[in-house]
Amino acid sequence: PAQPNATAAIVTATPGSNDSVPSAPFTKINLNTATAEQILTVPNAGNRMVREFQEYRPYTTILQFRREIGKYVDTATVTAYEQYVYVPVDVNQADAATLQQIPGVTADIAAQLIAARPYGTNQNFLAKLVTFISPDEVTVAENYLVQ
């Protein structure tokens with residue numbers, strides 16, 4: 001599986017063609033492993049937020065991140081941060097909000113994924129996930145999973 005913050009482009013096929021087109025690389029920052037330098041690339045996250053982001057590790061849910069960082073900034077700022085960061089998804093433990101970090105996963109899909117637990121492996125989870133979202137989205141979803 002792809003590693004978070006990998007710099008290699010993900011290659012996807014254009015529907016109806018044999019051409020491969022590189023898509024944008026996965027660039028979200030894993031909150032549990034991010035360096036200070038990586039956190040500083042998040043807009044409006046200065047040195048104070050580096051300390052705050054790192055203080056509450058390990059994050060197990062996106063709700064935990066929202067609650068802890070929400071002590072220091074408003075909801076709109078937390079939401080803006082979430083465009084750049086993620087909490088790794090444990091396929092057998094993640095709550096619905098944490099699953100919804102994965103592009104294409106709605107509250108309804110998250111509920112169905114939770115109901116289908118346990119998943120023996122991340123690959124089993126991805127096999128179920130592809131029944132709800134596109135193969136391209138599943139390729140991106142791999143980046144969100146706890147390895």
# chains A, B, ... in the order shown; residues from 1 in each chain; ligands from 1
$ residues_around --residues "stretch 122-129 of chain A" --least-positions-apart "4" --cutoff "10 Å" --atoms "only C-alpha atoms" --output "list in words"
Pro1, Val89, Asp90, Val91, Asn92, Gly104, Val105, Ile109, Ala110, Gln112, Leu113, Ala116, Arg117, Pro118, Ile133, Ser134, Pro135, Glu137, Val138, Thr139, Ala141, Glu142, Leu145, Val146 and Gln147 of chain A
$ atom_distance --atom1 "atom CA of A:Gln54" --atom2 "atom CA of A:Lys28"
15.9 Å
$ atom_distance --atom1 "atom CA of A:Pro88" --atom2 "atom CA of A:Val50"
18.1 Å
$ select_by_dssp --residues "stretch 18-142 of chain A" --states "strand (DSSP E or B)" --output "PyMOL selection string"
chain A and resi 20-22+29-30+85-86+89
$ atom_distance --atom1 "atom CA of A:Asp95" --atom2 "atom CA of A:Thr35"
25.5 Å
$ residues_around --residues "stretch 37-47 of chain A" --least-positions-apart "6" --cutoff "12 Å" --atoms "only C-alpha atoms" --output "ChimeraX atom specification"
/A:5,27-31,53-54,69,72-73,76-86
$ select_by_dssp --residues "stretch 90-126 of chain A" --states "alpha helix (DSSP H)" --output "PyMOL selection string"
chain A and resi 96-99+107-115+122-126
$ write_last_selection --atoms "N, CA and C atoms" --output "mmCIF file, in the first residue's frame"
data_model
loop_
_atom_site.group_PDB
_atom_site.id
_atom_site.type_symbol
_atom_site.label_atom_id
_atom_site.label_comp_id
_atom_site.auth_asym_id
_atom_site.auth_seq_id
_atom_site.Cartn_x
_atom_site.Cartn_y
_atom_site.Cartn_z
ATOM 1 N N ALA A 96 -17.495 6.748 12.932
ATOM 2 C CA ALA A 96 -18.036 7.188 11.645
ATOM 3 C C ALA A 96 -17.352 8.461 11.151
ATOM 4 N N ALA A 97 -17.125 9.429 12.023
ATOM 5 C CA ALA A 97 -16.500 10.686 11.597
ATOM 6 C C ALA A 97 -15.086 10.462 11.076
ATOM 7 N N THR A 98 -14.349 9.571 11.718
ATOM 8 C CA THR A 98 -12.987 9.280 11.282
ATOM 9 C C THR A 98 -13.001 8.584 9.926
ATOM 10 N N LEU A 99 -13.933 7.659 9.716
ATOM 11 C CA LEU A 99 -14.064 7.011 8.408
ATOM 12 C C LEU A 99 -14.419 8.021 7.318
ATOM 13 N N ALA A 107 -21.838 9.547 5.802
ATOM 14 C CA ALA A 107 -22.274 9.001 7.090
ATOM 15 C C ALA A 107 -22.936 7.634 6.897
ATOM 16 N N ASP A 108 -23.748 7.499 5.844
ATOM 17 C CA ASP A 108 -24.421 6.224 5.571
ATOM 18 C C ASP A 108 -23.413 5.122 5.239
ATOM 19 N N ILE A 109 -22.447 5.436 4.393
ATOM 20 C CA ILE A 109 -21.423 4.449 4.041
ATOM 21 C C ILE A 109 -20.611 4.076 5.275
ATOM 22 N N ALA A 110 -20.249 5.068 6.086
ATOM 23 C CA ALA A 110 -19.483 4.795 7.309
ATOM 24 C C ALA A 110 -20.252 3.836 8.216
ATOM 25 N N ALA A 111 -21.554 4.057 8.357
ATOM 26 C CA ALA A 111 -22.371 3.170 9.193
ATOM 27 C C ALA A 111 -22.359 1.744 8.650
ATOM 28 N N GLN A 112 -22.448 1.591 7.331
ATOM 29 C CA GLN A 112 -22.420 0.261 6.723
ATOM 30 C C GLN A 112 -21.058 -0.410 6.881
ATOM 31 N N LEU A 113 -19.987 0.370 6.775
ATOM 32 C CA LEU A 113 -18.645 -0.171 6.976
ATOM 33 C C LEU A 113 -18.457 -0.649 8.415
ATOM 34 N N ILE A 114 -18.968 0.125 9.357
ATOM 35 C CA ILE A 114 -18.877 -0.254 10.772
ATOM 36 C C ILE A 114 -19.679 -1.534 11.021
ATOM 37 N N ALA A 115 -20.859 -1.617 10.430
ATOM 38 C CA ALA A 115 -21.714 -2.795 10.623
ATOM 39 C C ALA A 115 -21.084 -4.067 10.054
ATOM 40 N N ASN A 122 -6.530 -4.774 6.105
ATOM 41 C CA ASN A 122 -6.889 -3.553 5.385
ATOM 42 C C ASN A 122 -7.396 -3.884 3.993
ATOM 43 N N GLN A 123 -6.832 -4.918 3.362
ATOM 44 C CA GLN A 123 -7.281 -5.308 2.023
ATOM 45 C C GLN A 123 -8.741 -5.758 2.040
ATOM 46 N N ASN A 124 -9.158 -6.466 3.081
ATOM 47 C CA ASN A 124 -10.574 -6.860 3.201
ATOM 48 C C ASN A 124 -11.461 -5.629 3.324
ATOM 49 N N PHE A 125 -11.001 -4.643 4.096
ATOM 50 C CA PHE A 125 -11.744 -3.397 4.238
ATOM 51 C C PHE A 125 -11.860 -2.697 2.880
ATOM 52 N N LEU A 126 -10.749 -2.615 2.163
ATOM 53 C CA LEU A 126 -10.757 -1.943 0.858
ATOM 54 C C LEU A 126 -11.660 -2.667 -0.136
#
$ closest_residue --among "A:Glu52, A:Thr33, A:Val130, A:Pro103" --to "A:Arg67" --atoms "only C-alpha atoms"
A:Glu52
$ decode --residues "stretch 87-99 of chain A" --atoms "N, CA, C and O atoms" --output "PDB file, in the first residue's frame"
ATOM      1  N   VAL A  87      -6.308  11.845  10.653  1.00  0.00           N
ATOM      2  CA  VAL A  87      -6.048  10.864  11.698  1.00  0.00           C
ATOM      3  C   VAL A  87      -6.066   9.502  11.003  1.00  0.00           C
ATOM      4  O   VAL A  87      -7.037   9.182  10.301  1.00  0.00           O
ATOM      5  N   PRO A  88      -5.015   8.699  11.181  1.00  0.00           N
ATOM      6  CA  PRO A  88      -5.008   7.375  10.543  1.00  0.00           C
ATOM      7  C   PRO A  88      -6.227   6.549  10.950  1.00  0.00           C
ATOM      8  O   PRO A  88      -6.652   6.568  12.105  1.00  0.00           O
ATOM      9  N   VAL A  89      -6.782   5.846   9.984  1.00  0.00           N
ATOM     10  CA  VAL A  89      -8.007   5.072  10.168  1.00  0.00           C
ATOM     11  C   VAL A  89      -7.668   3.619  10.508  1.00  0.00           C
ATOM     12  O   VAL A  89      -7.051   2.919   9.714  1.00  0.00           O
ATOM     13  N   ASP A  90      -8.079   3.197  11.700  1.00  0.00           N
ATOM     14  CA  ASP A  90      -8.011   1.780  12.076  1.00  0.00           C
ATOM     15  C   ASP A  90      -9.339   1.186  11.624  1.00  0.00           C
ATOM     16  O   ASP A  90     -10.396   1.522  12.168  1.00  0.00           O
ATOM     17  N   VAL A  91      -9.299   0.305  10.633  1.00  0.00           N
ATOM     18  CA  VAL A  91     -10.528  -0.171   9.987  1.00  0.00           C
ATOM     19  C   VAL A  91     -11.482  -0.891  10.931  1.00  0.00           C
ATOM     20  O   VAL A  91     -12.685  -0.943  10.668  1.00  0.00           O
ATOM     21  N   ASN A  92     -10.975  -1.424  12.035  1.00  0.00           N
ATOM     22  CA  ASN A  92     -11.836  -2.139  12.973  1.00  0.00           C
ATOM     23  C   ASN A  92     -12.238  -1.310  14.196  1.00  0.00           C
ATOM     24  O   ASN A  92     -13.039  -1.777  14.999  1.00  0.00           O
ATOM     25  N   GLN A  93     -11.689  -0.108  14.326  1.00  0.00           N
ATOM     26  CA  GLN A  93     -11.977   0.713  15.500  1.00  0.00           C
ATOM     27  C   GLN A  93     -12.508   2.110  15.190  1.00  0.00           C
ATOM     28  O   GLN A  93     -13.115   2.737  16.052  1.00  0.00           O
ATOM     29  N   ALA A  94     -12.275   2.616  14.000  1.00  0.00           N
ATOM     30  CA  ALA A  94     -12.609   4.004  13.679  1.00  0.00           C
ATOM     31  C   ALA A  94     -14.101   4.285  13.810  1.00  0.00           C
ATOM     32  O   ALA A  94     -14.935   3.465  13.426  1.00  0.00           O
ATOM     33  N   ASP A  95     -14.402   5.457  14.353  1.00  0.00           N
ATOM     34  CA  ASP A  95     -15.794   5.896  14.426  1.00  0.00           C
ATOM     35  C   ASP A  95     -16.216   6.437  13.058  1.00  0.00           C
ATOM     36  O   ASP A  95     -15.397   6.561  12.135  1.00  0.00           O
ATOM     37  N   ALA A  96     -17.495   6.748  12.932  1.00  0.00           N
ATOM     38  CA  ALA A  96     -18.036   7.188  11.645  1.00  0.00           C
ATOM     39  C   ALA A  96     -17.352   8.461  11.151  1.00  0.00           C
ATOM     40  O   ALA A  96     -17.022   8.574   9.965  1.00  0.00           O
ATOM     41  N   ALA A  97     -17.125   9.429  12.023  1.00  0.00           N
ATOM     42  CA  ALA A  97     -16.500  10.686  11.597  1.00  0.00           C
ATOM     43  C   ALA A  97     -15.086  10.462  11.076  1.00  0.00           C
ATOM     44  O   ALA A  97     -14.677  11.073  10.093  1.00  0.00           O
ATOM     45  N   THR A  98     -14.349   9.571  11.718  1.00  0.00           N
ATOM     46  CA  THR A  98     -12.987   9.280  11.282  1.00  0.00           C
ATOM     47  C   THR A  98     -13.001   8.584   9.926  1.00  0.00           C
ATOM     48  O   THR A  98     -12.194   8.904   9.047  1.00  0.00           O
ATOM     49  N   LEU A  99     -13.933   7.659   9.716  1.00  0.00           N
ATOM     50  CA  LEU A  99     -14.064   7.011   8.408  1.00  0.00           C
ATOM     51  C   LEU A  99     -14.419   8.021   7.318  1.00  0.00           C
ATOM     52  O   LEU A  99     -13.989   7.885   6.174  1.00  0.00           O
TER      53      LEU A  99
END
